[in-house]
file data37.txt (compact mmCIF, C-alpha atoms)
# COMPACT_ATOMS: atom_id res chain seq x y z
CA MET A 1 -13.93 16.56 -64.43
CA GLU A 2 -16.37 19.30 -65.26
CA LEU A 3 -19.65 19.78 -63.40
CA THR A 4 -21.94 18.48 -66.15
CA LEU A 5 -20.02 15.21 -66.25
CA LEU A 6 -20.31 14.98 -62.47
CA TRP A 7 -24.08 15.39 -62.77
CA ALA A 8 -24.19 12.59 -65.32
CA ALA A 9 -22.08 10.39 -63.02
CA LEU A 10 -24.37 11.22 -60.11
CA THR A 11 -27.40 10.19 -62.19
CA ALA A 12 -25.67 6.88 -62.91
CA VAL A 13 -24.98 6.30 -59.20
CA VAL A 14 -28.55 7.16 -58.18
CA LEU A 15 -30.04 4.80 -60.76
CA ALA A 16 -27.59 2.02 -59.81
CA TRP A 17 -28.60 2.51 -56.17
CA LEU A 18 -32.25 2.35 -57.25
CA GLY A 19 -31.45 -0.90 -59.05
CA THR A 20 -30.07 -2.43 -55.87
CA ARG A 21 -33.35 -1.49 -54.14
CA ILE A 22 -35.51 -2.93 -56.94
CA TRP A 23 -33.48 -6.15 -57.26
CA PRO A 24 -31.86 -6.68 -53.84
CA GLU A 25 -31.69 -10.47 -53.90
CA GLY A 26 -28.24 -12.04 -53.59
CA LEU A 27 -26.28 -8.79 -53.61
CA PRO A 28 -22.92 -8.53 -51.81
CA ASP A 29 -22.44 -6.14 -48.90
CA HIS A 30 -22.21 -2.47 -49.96
CA PRO A 31 -23.21 -3.16 -53.58
CA VAL A 32 -23.32 0.52 -54.65
CA ASP A 33 -19.87 1.22 -53.17
CA ARG A 34 -18.48 -1.72 -55.09
CA LEU A 35 -20.21 -0.71 -58.32
CA VAL A 36 -19.06 2.91 -58.06
CA GLY A 37 -15.53 1.82 -57.14
CA ALA A 38 -15.42 -0.60 -60.08
CA GLY A 39 -16.79 2.10 -62.39
CA ALA A 40 -14.19 4.62 -61.24
CA VAL A 41 -11.30 2.19 -61.69
CA GLY A 42 -12.68 1.19 -65.09
CA LEU A 43 -12.86 4.85 -66.09
CA LEU A 44 -9.24 5.37 -65.03
CA ILE A 45 -8.01 2.31 -66.92
CA GLY A 46 -10.08 3.30 -69.96
CA ARG A 47 -8.64 6.82 -69.91
CA ILE A 48 -5.04 5.57 -69.61
CA ALA A 49 -5.66 3.10 -72.45
CA ALA A 50 -7.13 5.89 -74.62
CA MET A 51 -4.06 8.04 -73.97
CA ALA A 52 -1.78 5.17 -74.91
CA VAL A 53 -3.74 4.57 -78.14
CA GLN A 54 -3.62 8.30 -78.97
CA GLY A 55 0.16 8.31 -78.47
CA THR A 56 0.23 10.29 -75.21
CA ASN A 57 2.46 8.81 -72.52
CA PRO A 58 0.47 8.62 -69.25
CA TRP A 59 3.70 8.57 -67.21
CA THR A 60 5.05 11.79 -68.67
CA ASN A 61 1.61 13.46 -68.76
CA PRO A 62 -0.05 12.35 -65.52
CA GLY A 63 -2.35 15.39 -65.43
CA ASP A 64 -4.01 14.27 -68.68
CA VAL A 65 -5.33 11.15 -66.98
CA LEU A 66 -7.95 13.27 -65.18
CA VAL A 67 -9.17 14.88 -68.42
CA VAL A 68 -11.71 12.15 -69.16
CA ARG A 69 -13.34 14.24 -71.89
CA GLY A 70 -10.17 13.67 -73.88
CA GLY A 71 -11.47 10.13 -74.48
CA VAL A 72 -11.99 6.85 -72.62
CA HIS A 73 -11.27 3.46 -74.21
CA THR A 74 -14.57 1.56 -73.96
CA GLY A 75 -13.15 -1.96 -74.02
CA ALA A 76 -10.38 -1.36 -71.50
CA ALA A 77 -12.80 0.48 -69.21
CA THR A 78 -15.33 -2.40 -69.30
CA ILE A 79 -12.71 -5.06 -68.63
CA GLY A 80 -11.21 -2.93 -65.84
CA ALA A 81 -14.60 -2.36 -64.20
CA ILE A 82 -15.64 -6.03 -64.31
CA ALA A 83 -12.23 -7.20 -63.06
CA THR A 84 -12.29 -4.66 -60.22
CA PHE A 85 -15.77 -5.70 -59.18
CA LEU A 86 -14.80 -9.39 -59.24
CA TRP A 87 -11.69 -8.60 -57.20
CA SER A 88 -13.77 -6.69 -54.66
CA VAL A 89 -16.04 -9.72 -54.12
CA ARG A 90 -13.19 -12.26 -54.03
CA GLY A 91 -14.07 -13.77 -57.40
CA ARG A 92 -17.68 -14.66 -56.50
CA THR A 93 -19.29 -14.80 -59.96
CA ASP A 94 -22.74 -15.18 -58.39
CA TYR A 95 -22.40 -11.56 -57.23
CA LEU A 96 -21.85 -10.56 -60.88
CA ASP A 97 -25.25 -12.07 -61.69
CA ALA A 98 -26.87 -10.35 -58.72
CA ILE A 99 -25.53 -6.89 -59.59
CA ALA A 100 -26.08 -7.13 -63.38
CA PRO A 101 -29.57 -5.47 -63.53
CA ALA A 102 -28.49 -2.60 -61.23
CA ALA A 103 -25.33 -2.11 -63.31
CA LEU A 104 -27.41 -1.84 -66.49
CA LEU A 105 -29.73 0.66 -64.83
CA GLY A 106 -26.69 2.68 -63.70
CA LEU A 107 -25.39 2.62 -67.28
CA ALA A 108 -28.80 3.86 -68.43
CA GLY A 109 -28.38 6.74 -65.95
CA TRP A 110 -24.97 7.60 -67.41
CA HIS A 111 -26.44 7.82 -70.92
CA GLY A 112 -29.54 9.66 -69.67
CA GLY A 113 -27.16 12.10 -67.95
CA CYS A 114 -26.67 13.59 -71.43
CA LEU A 115 -29.60 15.82 -70.47
CA TRP A 116 -27.37 17.64 -67.94
CA ARG A 117 -24.48 17.78 -70.39
CA GLY A 118 -26.44 18.90 -73.45
CA ALA A 119 -24.95 15.93 -75.26
CA CYS A 120 -27.90 13.76 -76.31
CA LEU A 121 -27.93 14.27 -80.06
CA GLY A 122 -26.62 12.15 -82.88
CA SER A 123 -26.95 12.22 -86.63
CA ALA A 124 -29.46 14.39 -88.54
CA ALA A 125 -32.95 12.89 -88.64
CA ASP A 126 -36.28 13.39 -90.36
CA VAL A 127 -38.53 12.01 -87.59
CA SER A 128 -41.15 13.86 -85.56
CA TRP A 129 -39.37 13.30 -82.21
CA ALA A 130 -35.99 14.62 -83.41
CA TRP A 131 -34.37 17.49 -81.47
CA SER A 132 -32.23 20.41 -82.54
CA GLU A 133 -29.19 21.95 -80.92
CA PRO A 134 -29.87 25.44 -79.51
CA GLY A 135 -29.60 27.88 -82.39
CA SER A 136 -29.63 25.17 -85.03
CA LEU A 137 -32.30 24.25 -87.57
CA ILE A 138 -30.98 20.73 -88.06
CA ALA A 139 -33.10 18.09 -86.26
CA ARG A 140 -31.20 15.13 -84.84
CA HIS A 141 -31.78 11.73 -83.24
CA PRO A 142 -31.65 11.94 -79.40
CA VAL A 143 -29.41 8.89 -79.57
CA GLU A 144 -28.31 8.93 -75.91
CA ILE A 145 -31.95 8.87 -74.83
CA TYR A 146 -32.55 5.86 -77.08
CA ALA A 147 -29.60 4.12 -75.43
CA ALA A 148 -30.78 5.04 -71.91
CA LEU A 149 -34.29 3.72 -72.52
CA ALA A 150 -33.02 0.53 -74.15
CA LEU A 151 -30.58 -0.08 -71.26
CA ALA A 152 -33.34 0.46 -68.68
CA ALA A 153 -35.55 -2.03 -70.54
CA ALA A 154 -32.59 -4.44 -70.70
CA ALA A 155 -32.16 -4.16 -66.91
CA TRP A 156 -35.74 -5.35 -66.41
CA ALA A 157 -35.35 -8.11 -68.98
CA VAL A 158 -32.15 -9.37 -67.34
CA SER A 159 -33.74 -9.30 -63.88
CA ALA A 160 -36.46 -11.65 -65.16
CA LEU A 161 -33.97 -14.28 -66.31
CA GLY A 162 -33.35 -17.50 -64.38
CA LYS A 163 -30.56 -17.97 -61.85
CA ARG A 164 -28.20 -20.16 -63.83
CA PRO A 165 -24.58 -19.15 -63.18
CA LEU A 166 -23.40 -16.27 -65.41
CA LEU A 167 -26.74 -16.13 -67.25
CA ARG A 168 -27.74 -12.67 -66.04
CA SER A 169 -24.27 -11.14 -66.17
CA GLY A 170 -23.56 -12.65 -69.61
CA ALA A 171 -26.90 -11.44 -70.94
CA ALA A 172 -26.26 -7.97 -69.44
CA LEU A 173 -22.86 -7.71 -71.15
CA ALA A 174 -24.29 -8.91 -74.47
CA LEU A 175 -27.24 -6.50 -74.29
CA ALA A 176 -25.05 -3.53 -73.33
CA GLY A 177 -22.78 -4.31 -76.31
CA ALA A 178 -25.77 -4.81 -78.62
CA ILE A 179 -27.38 -1.52 -77.61
CA ARG A 180 -24.15 0.39 -78.24
CA LEU A 181 -23.74 -1.41 -81.56
CA ALA A 182 -27.33 -0.69 -82.61
CA THR A 183 -27.04 3.02 -81.78
CA GLU A 184 -23.56 3.44 -83.26
CA PRO A 185 -24.74 4.26 -86.83
CA ILE A 186 -26.64 7.29 -85.54
CA ARG A 187 -23.91 8.50 -83.17
CA LEU A 188 -21.56 11.27 -84.25
CA SER A 189 -17.97 10.15 -84.27
CA ILE A 190 -14.58 11.20 -85.57
CA THR A 191 -12.66 7.97 -85.04
CA GLY A 192 -15.42 5.58 -86.17
CA GLY A 193 -16.54 4.04 -82.87
CA ALA A 194 -15.42 0.89 -81.05
CA TRP A 195 -17.33 -1.62 -83.20
CA GLY A 196 -14.90 -4.44 -82.50
CA TRP A 197 -15.25 -4.04 -78.76
CA TYR A 198 -19.05 -4.04 -78.93
CA LEU A 199 -19.02 -7.21 -81.04
CA GLY A 200 -16.55 -8.72 -78.56
CA ALA A 201 -18.83 -7.85 -75.63
CA ILE A 202 -21.79 -9.49 -77.39
CA THR A 203 -19.79 -12.64 -78.15
CA ILE A 204 -18.34 -12.98 -74.64
CA GLY A 205 -21.71 -12.19 -73.07
CA VAL A 206 -23.56 -14.82 -75.13
CA LEU A 207 -20.86 -17.43 -74.49
CA SER A 208 -20.92 -16.68 -70.75
CA ALA A 209 -24.70 -16.97 -70.64
CA LEU A 210 -24.68 -20.26 -72.56
CA LEU A 211 -21.62 -21.90 -71.06
CA GLY A 212 -21.78 -20.34 -67.59
CA PRO A 213 -23.10 -23.41 -65.76
CA LYS A 214 -20.50 -25.68 -67.35
CA VAL A 215 -17.66 -23.26 -66.68
CA THR A 216 -18.76 -22.69 -63.09
CA ALA A 217 -19.24 -26.44 -62.47
CA SER A 218 -15.81 -27.11 -63.94
CA LEU A 219 -14.25 -24.44 -61.72
CA HIS A 220 -16.00 -25.89 -58.66
CA ARG A 221 -14.86 -29.42 -59.58
CA THR A 222 -11.28 -28.24 -60.00
CA GLN A 223 -11.45 -26.45 -56.67
CA LEU A 224 -12.91 -29.52 -54.95
CA GLU A 225 -10.24 -31.78 -56.44
CA SER A 226 -7.59 -29.33 -55.37
CA ASP A 227 -8.97 -29.24 -51.84
CA LEU A 228 -9.14 -33.06 -51.72
CA THR A 229 -5.57 -33.39 -52.95
CA ALA A 230 -4.44 -30.87 -50.36
CA ASN A 231 -6.25 -32.84 -47.66
CA GLU A 232 -4.75 -36.13 -48.77
CA THR A 233 -1.20 -34.83 -48.89
CA SER A 234 -1.31 -32.83 -45.69
CA PRO A 235 -0.26 -34.68 -42.48
CA GLY A 236 -3.36 -36.07 -40.83
CA GLY A 237 -5.41 -34.82 -43.68
CA ARG A 238 -6.97 -38.21 -44.47
CA SER A 239 -8.16 -40.79 -42.00
CA ASP A 240 -10.18 -43.97 -42.29
CA THR A 241 -11.81 -43.37 -39.01
CA PRO A 242 -13.85 -40.34 -38.23
CA ARG A 243 -12.16 -37.93 -35.92
CA MET B 1 2.19 -0.22 -47.30
CA ARG B 2 3.26 3.35 -46.53
CA ARG B 3 6.65 2.68 -48.14
CA THR B 4 4.96 1.37 -51.31
CA VAL B 5 2.84 4.50 -51.55
CA TRP B 6 5.93 6.71 -51.19
CA VAL B 7 7.84 4.73 -53.81
CA LEU B 8 4.91 5.03 -56.24
CA PHE B 9 4.65 8.76 -55.52
CA VAL B 10 8.35 9.31 -56.23
CA VAL B 11 8.20 7.22 -59.44
CA VAL B 12 5.20 9.19 -60.74
CA LEU B 13 6.84 12.50 -59.81
CA ALA B 14 10.09 11.54 -61.50
CA ALA B 15 8.26 10.40 -64.61
CA ALA B 16 6.26 13.61 -64.71
CA CYS B 17 9.42 15.71 -64.49
CA SER B 18 11.27 13.78 -67.16
CA ARG B 19 9.24 14.91 -70.16
CA SER B 20 11.39 14.38 -73.22
CA SER B 21 12.16 17.58 -75.09
CA ILE B 22 11.92 17.77 -78.87
CA ASP B 23 14.51 19.79 -80.79
CA VAL B 24 12.52 22.26 -82.88
CA SER B 25 15.20 24.94 -83.27
CA ALA B 26 15.39 24.31 -87.02
CA GLU B 27 11.63 24.68 -87.48
CA PRO B 28 10.36 28.08 -88.75
CA ASP B 29 8.43 30.21 -86.26
CA LEU B 30 4.64 30.20 -86.46
CA PRO B 31 3.29 33.25 -88.33
CA GLU B 32 1.89 35.99 -86.09
CA LEU B 33 -1.49 37.43 -87.11
CA THR B 34 -3.64 40.22 -85.72
CA ALA B 35 -7.33 39.58 -85.08
CA ASP B 36 -8.27 41.68 -88.14
CA ALA B 37 -5.87 39.86 -90.42
CA PHE B 38 -7.13 36.52 -89.13
CA GLN B 39 -10.75 37.53 -89.74
CA GLY B 40 -9.81 38.61 -93.27
CA ARG B 41 -8.32 35.20 -93.87
CA LEU B 42 -11.52 33.50 -92.68
CA GLU B 43 -13.68 35.72 -94.88
CA ALA B 44 -11.65 34.70 -97.90
CA LEU B 45 -12.42 31.02 -97.35
CA ASP B 46 -14.99 29.34 -99.57
CA ARG B 47 -15.45 26.43 -97.17
CA PRO B 48 -16.25 26.11 -93.46
CA ALA B 49 -13.49 26.35 -90.87
CA VAL B 50 -12.72 24.88 -87.46
CA VAL B 51 -10.42 27.10 -85.42
CA ASN B 52 -8.85 25.60 -82.31
CA VAL B 53 -7.25 27.88 -79.73
CA TRP B 54 -4.55 26.13 -77.73
CA ALA B 55 -1.31 26.52 -75.77
CA SER B 56 1.52 24.12 -75.05
CA TRP B 57 1.13 24.63 -71.28
CA CYS B 58 -2.56 23.75 -71.35
CA ILE B 59 -3.27 20.17 -70.20
CA PRO B 60 -6.74 19.84 -71.79
CA CYS B 61 -5.22 21.06 -75.08
CA ARG B 62 -2.88 18.08 -74.98
CA SER B 63 -5.86 15.77 -74.53
CA GLU B 64 -7.80 17.14 -77.49
CA ALA B 65 -4.84 17.42 -79.86
CA PRO B 66 -5.02 13.76 -81.05
CA LEU B 67 -8.74 14.22 -81.68
CA LEU B 68 -8.13 17.33 -83.80
CA LYS B 69 -5.49 15.46 -85.74
CA ALA B 70 -7.99 12.64 -86.41
CA ALA B 71 -10.66 15.17 -87.42
CA HIS B 72 -8.25 16.89 -89.81
CA ASP B 73 -7.30 13.52 -91.31
CA SER B 74 -11.00 12.70 -91.87
CA TYR B 75 -12.45 16.08 -92.87
CA GLY B 76 -9.44 18.08 -94.04
CA ASP B 77 -10.73 18.01 -97.64
CA GLU B 78 -14.08 19.58 -96.75
CA ILE B 79 -13.21 21.83 -93.82
CA GLU B 80 -10.35 24.23 -93.15
CA PHE B 81 -8.62 23.51 -89.82
CA ILE B 82 -6.60 26.31 -88.25
CA GLY B 83 -4.80 26.29 -84.90
CA VAL B 84 -4.17 29.44 -82.88
CA ALA B 85 -1.40 29.22 -80.28
CA VAL B 86 -2.06 31.78 -77.55
CA GLN B 87 0.00 33.11 -74.64
CA ASP B 88 2.79 30.75 -75.60
CA SER B 89 6.43 30.79 -76.63
CA GLN B 90 7.50 29.91 -80.16
CA PRO B 91 9.71 26.97 -79.01
CA GLY B 92 6.93 25.66 -76.74
CA ALA B 93 4.32 25.89 -79.47
CA LYS B 94 6.57 24.26 -82.07
CA ALA B 95 7.44 21.41 -79.70
CA PHE B 96 3.72 20.84 -79.05
CA LEU B 97 2.98 20.64 -82.79
CA ALA B 98 5.89 18.27 -83.37
CA GLU B 99 4.85 16.05 -80.45
CA PHE B 100 1.29 15.59 -81.72
CA GLY B 101 2.04 15.73 -85.44
CA LEU B 102 -0.55 18.43 -86.12
CA GLU B 103 -0.20 19.26 -89.80
CA PHE B 104 -2.90 21.88 -90.36
CA ASP B 105 -2.22 25.63 -90.54
CA GLN B 106 -1.18 27.35 -87.33
CA VAL B 107 -0.88 30.96 -86.28
CA PHE B 108 0.75 32.56 -83.23
CA ASP B 109 -1.22 35.00 -81.09
CA ARG B 110 0.69 35.85 -77.94
CA SER B 111 -1.84 38.50 -76.81
CA ARG B 112 -5.00 36.35 -77.36
CA SER B 113 -6.45 39.02 -79.64
CA ILE B 114 -8.02 36.43 -81.98
CA PRO B 115 -10.11 34.51 -79.39
CA ASN B 116 -10.89 37.75 -77.55
CA SER B 117 -12.31 39.27 -80.75
CA HIS B 118 -14.82 36.39 -80.87
CA ALA B 119 -15.63 36.49 -77.12
CA GLY B 120 -13.92 33.16 -76.48
CA ILE B 121 -13.24 32.33 -72.84
CA GLY B 122 -10.20 30.44 -71.49
CA THR B 123 -8.07 27.85 -73.25
CA PRO B 124 -8.78 25.67 -75.17
CA ILE B 125 -11.58 27.04 -77.35
CA THR B 126 -12.96 25.65 -80.60
CA PHE B 127 -14.73 28.02 -83.01
CA PHE B 128 -16.81 26.83 -85.97
CA PHE B 129 -17.08 29.23 -88.92
CA ALA B 130 -19.37 29.02 -91.95
CA PRO B 131 -17.86 29.75 -95.40
CA GLY B 132 -17.14 33.47 -95.57
CA GLY B 133 -16.07 33.71 -91.93
CA GLU B 134 -19.42 33.86 -90.09
CA LEU B 135 -19.02 32.46 -86.56
CA VAL B 136 -21.76 29.86 -86.03
CA ARG B 137 -20.66 28.04 -82.89
CA THR B 138 -18.20 28.46 -80.00
CA HIS B 139 -17.12 25.70 -77.65
CA ASN B 140 -15.26 27.05 -74.63
CA GLY B 141 -13.11 24.46 -72.82
CA ILE B 142 -12.02 21.00 -73.86
CA ILE B 143 -14.07 19.52 -76.66
CA ASP B 144 -14.81 15.80 -76.72
CA GLU B 145 -15.24 13.59 -79.75
CA ARG B 146 -19.02 13.95 -79.82
CA GLY B 147 -18.86 17.75 -79.51
CA LEU B 148 -16.30 18.09 -82.28
CA ALA B 149 -18.19 15.66 -84.53
CA LEU B 150 -21.42 17.56 -83.88
CA GLY B 151 -19.86 20.94 -84.70
CA ILE B 152 -18.37 19.55 -87.91
CA ASP B 153 -21.63 17.85 -88.90
CA GLU B 154 -23.57 21.10 -88.31
CA LEU B 155 -21.14 22.91 -90.65
CA LEU B 156 -21.41 20.25 -93.31
CA GLN B 157 -25.22 19.86 -93.06
CA SER B 158 -25.73 23.64 -93.23
CA GLY B 159 -23.78 23.76 -96.47
CA ARG B 160 -25.99 21.15 -98.16
call {"tool": "encode", "arguments": {"input": "data37.txt", "output": "structure tokens"}}
result
Amino acid sequence: MELTLLWAALTAVVLAWLGTRIWPEGLPDHPVDRLVGAGAVGLLIGRIAAMAVQGTNPWTNPGDVLVVRGGVHTGAATIGAIATFLWSVRGRTDYLDAIAPAALLGLAGWHGGCLWRGACLGSAADVSWAWSEPGSLIARHPVEIYAALALAAAAWAVSALGKRPLLRSGAALALAGAIRLATEPIRLSITGGAWGWYLGAITIGVLSALLGPKVTASLHRTQLESDLTANETSPGGRSDTPR
Amino acid sequence: MRRTVWVLFVVVLAAACSRSSIDVSAEPDLPELTADAFQGRLEALDRPAVVNVWASWCIPCRSEAPLLKAAHDSYGDEIEFIGVAVQDSQPGAKAFLAEFGLEFDQVFDRSRSIPNSHAGIGTPITFFFAPGGELVRTHNGIIDERGLALGIDELLQSGR
């Protein structure tokens, strides 16, 4: 990974850490470690998925896996990061809600890190705040800055939501997808962008936010029933008299 | 745990060493061009050109090859794509092209005279030329999708 990408990653980590300081309530132990770990695993999975999609065998070309500038599959990376974080907190979905604003702020840092990479610009624009590439006369939308600002605003909006199960994390996923989708038309792309994945993130996020309490209650009920059944069937597990 | 790590290490190593070879002996060799001849070819073009300098031994070149193929598929009608294989062998270069299905023009430059004449550093390099062969942009190192799209868009916008 080249140095400019490392600077962008460092910006993401610093802003995620800041997020855990601004919204500390309900966080698991070592929240930044878990976020960074989940992000790194997500990046790895996303890179391997991108190689597979591009027709490069990750097994026969293991060195390519580290060349993240060759492309990272957005959807696979997101699923990998969320799954890794959930695994690291033993499936506690309430931790997903607690970390959601900090994760969005970290994502804002990753996009804002375009300033270190010289990679902020999108399609040509005729607006007063447009920038030009060094040596170019063509003004362009600073699309990564738009995304960073929108994600930072989304972090604050999500932190103000109630504490219903999966509400904050669902809203965070939906907003992250929506921001990418909204900025996609002014991004420069060869392959056309991951529109389907962004729409999928919005759908899953909205469904999680709306159905989260029901899903969580159902999971708890199933767990309770399972525990009761285990108690009833185990020797000495059930007794009419208190022990 | 230690045994699992060793088994994984051996599997990865074995997989890495077992790269399948492609038979390219029947393929014609890539044409060799001097820097002057290459520049003459660029000057004769009436449309912009993207020139990618690569080698079959270069890992980042492998990563950007699918992107260049996609770019050629999308913009091949408006922009000339040319590959320059440097410090390579003919069989290695031909196997690389066959593996990634790169169908745009390629030249062979064992001595790196073409990138050196444009002050390109390392491998890979992507040069962007205006119609008539004027160099307008150089990207040293691996180019990502955004960088390639930006370079192409600058060429196309400048021509409008």
call {"tool": "closest_atom_pairs", "arguments": {"input": "data37.txt", "of": "chain A", "to": "chain B", "cutoff": "7 Å", "atoms": "all atoms listed in the file", "output": "Markdown table"}}
result
| residue | atom | partner | partner_atom | distance |
| --- | --- | --- | --- | --- |
| A:Gln54 | CA | B:Pro66 | CA | 6.0 |
| A:Trp59 | CA | B:Ala15 | CA | 5.6 |
| A:Thr60 | CA | B:Ala16 | CA | 4.5 |
| A:Asn61 | CA | B:Ala16 | CA | 6.2 |
| A:Pro62 | CA | B:Ala16 | CA | 6.5 |
| A:Gly63 | CA | B:Ile59 | CA | 6.8 |
| A:Asp64 | CA | B:Ile59 | CA | 6.1 |
| A:Val67 | CA | B:Pro60 | CA | 6.5 |
| A:Arg69 | CA | B:Asp144 | CA | 5.3 |
| A:Gly70 | CA | B:Ser63 | CA | 4.8 |
| A:Gly71 | CA | B:Asp144 | CA | 7.0 |
| A:Leu188 | CA | B:Ala149 | CA | 5.5 |
| A:Ser189 | CA | B:Ala149 | CA | 5.5 |
| A:Ile190 | CA | B:Ala149 | CA | 5.8 |
| A:Thr191 | CA | B:Ala70 | CA | 6.7 |
call {"tool": "residues_around", "arguments": {"input": "data37.txt", "residues": "region 36-45 of chain B", "least_positions_apart": "5", "cutoff": "10 Å", "atoms": "only C-alpha atoms", "output": "PyMOL selection string"}}
result
chain B and resi 51+79-80+82+84+107+113-114+117-118+129-135
call {"tool": "atom_distance", "arguments": {"input": "data37.txt", "atom1": "CA of Leu149 (chain A)", "atom2": "CA of Gly177 (chain A)"}}
result
14.5 Å
call {"tool": "residues_around", "arguments": {"input": "data37.txt", "residues": "region 22-28 of chain B", "least_positions_apart": "3", "cutoff": "8 Å", "atoms": "only C-alpha atoms", "output": "list in words"}}
result
Pro91, Lys94, Ala95, Ala98 and Glu99 of chain B
call {"tool": "write_last_selection", "arguments": {"input": "data37.txt", "atoms": "C-alpha atoms", "output": "PDB file, keeping the file's coordinate frame"}}
result
ATOM      1  CA  PRO B  91       9.710  26.970 -79.010  1.00  0.00           C
ATOM      2  CA  LYS B  94       6.570  24.260 -82.070  1.00  0.00           C
ATOM      3  CA  ALA B  95       7.440  21.410 -79.700  1.00  0.00           C
ATOM      4  CA  ALA B  98       5.890  18.270 -83.370  1.00  0.00           C
ATOM      5  CA  GLU B  99       4.850  16.050 -80.450  1.00  0.00           C
TER       6      GLU B  99
END
call {"tool": "axis_aligned_box", "arguments": {"input": "data37.txt", "around": "region 52-61 of chain B", "padding_each_side": "5 Å", "output": "JSON"}}
result
{"center_x": -3.7, "center_y": 23.9, "center_z": -76.3, "size_x": 20.4, "size_y": 18.0, "size_z": 22.1}
call {"tool": "atom_distance", "arguments": {"input": "data37.txt", "atom1": "CA of Leu5 (chain A)", "atom2": "CA of Leu35 (chain A)"}}
result
17.8 Å
call {"tool": "atom_distance", "arguments": {"input": "data37.txt", "atom1": "CA of Ala76 (chain A)", "atom2": "CA of Arg47 (chain A)"}}
result
8.5 Å
call {"tool": "closest_residue", "arguments": {"input": "data37.txt", "among": "B:Val53, B:Phe104, B:Phe96, B:Ala35", "to": "Lys69 (chain B)", "atoms": "only C-alpha atoms"}}
result
B:Phe104
call {"tool": "closest_residue", "arguments": {"input": "data37.txt", "among": "A:Ala155, A:Val36, A:Ile186, A:Ala160", "to": "Ser123 (chain A)", "atoms": "all atoms listed in the file"}}
result
A:Ile186
call {"tool": "closest_residue", "arguments": {"input": "data37.txt", "among": "A:Ala102, A:Ile204, A:Gly55, A:Arg34", "to": "Leu86 (chain A)", "atoms": "all atoms listed in the file"}}
result
A:Arg34
call {"tool": "build_atoms", "arguments": {"input": "data37.txt", "residues": "region 12-24 of chain A", "atoms": "N, CA and C atoms", "output": "tab-separated table (two decimals), in the frame of the given file"}}
result
chain	number	residue	atom	x	y	z
A	12	ALA	N	-26.00	8.30	-62.78
A	12	ALA	CA	-25.67	6.88	-62.91
A	12	ALA	C	-25.67	6.20	-61.53
A	13	VAL	N	-25.07	6.88	-60.55
A	13	VAL	CA	-24.98	6.30	-59.20
A	13	VAL	C	-26.37	6.17	-58.58
A	14	VAL	N	-27.19	7.20	-58.75
A	14	VAL	CA	-28.55	7.16	-58.18
A	14	VAL	C	-29.36	6.02	-58.79
A	15	LEU	N	-29.28	5.87	-60.12
A	15	LEU	CA	-30.04	4.80	-60.76
A	15	LEU	C	-29.48	3.42	-60.39
A	16	ALA	N	-28.17	3.31	-60.24
A	16	ALA	CA	-27.59	2.02	-59.81
A	16	ALA	C	-28.08	1.69	-58.39
A	17	TRP	N	-28.10	2.71	-57.54
A	17	TRP	CA	-28.60	2.51	-56.17
A	17	TRP	C	-30.07	2.05	-56.21
A	18	LEU	N	-30.85	2.73	-57.09
A	18	LEU	CA	-32.25	2.35	-57.25
A	18	LEU	C	-32.36	0.89	-57.69
A	19	GLY	N	-31.46	0.49	-58.58
A	19	GLY	CA	-31.45	-0.90	-59.05
A	19	GLY	C	-31.22	-1.88	-57.93
A	20	THR	N	-30.33	-1.52	-57.00
A	20	THR	CA	-30.07	-2.43	-55.87
A	20	THR	C	-31.28	-2.50	-54.94
A	21	ARG	N	-32.12	-1.47	-54.96
A	21	ARG	CA	-33.35	-1.49	-54.14
A	21	ARG	C	-34.44	-2.31	-54.84
A	22	ILE	N	-34.48	-2.20	-56.19
A	22	ILE	CA	-35.51	-2.93	-56.94
A	22	ILE	C	-35.19	-4.43	-56.98
A	23	TRP	N	-33.90	-4.74	-57.15
A	23	TRP	CA	-33.48	-6.15	-57.26
A	23	TRP	C	-32.43	-6.45	-56.18
A	24	PRO	N	-32.84	-6.55	-54.92
A	24	PRO	CA	-31.86	-6.68	-53.84
A	24	PRO	C	-31.33	-8.11	-53.62
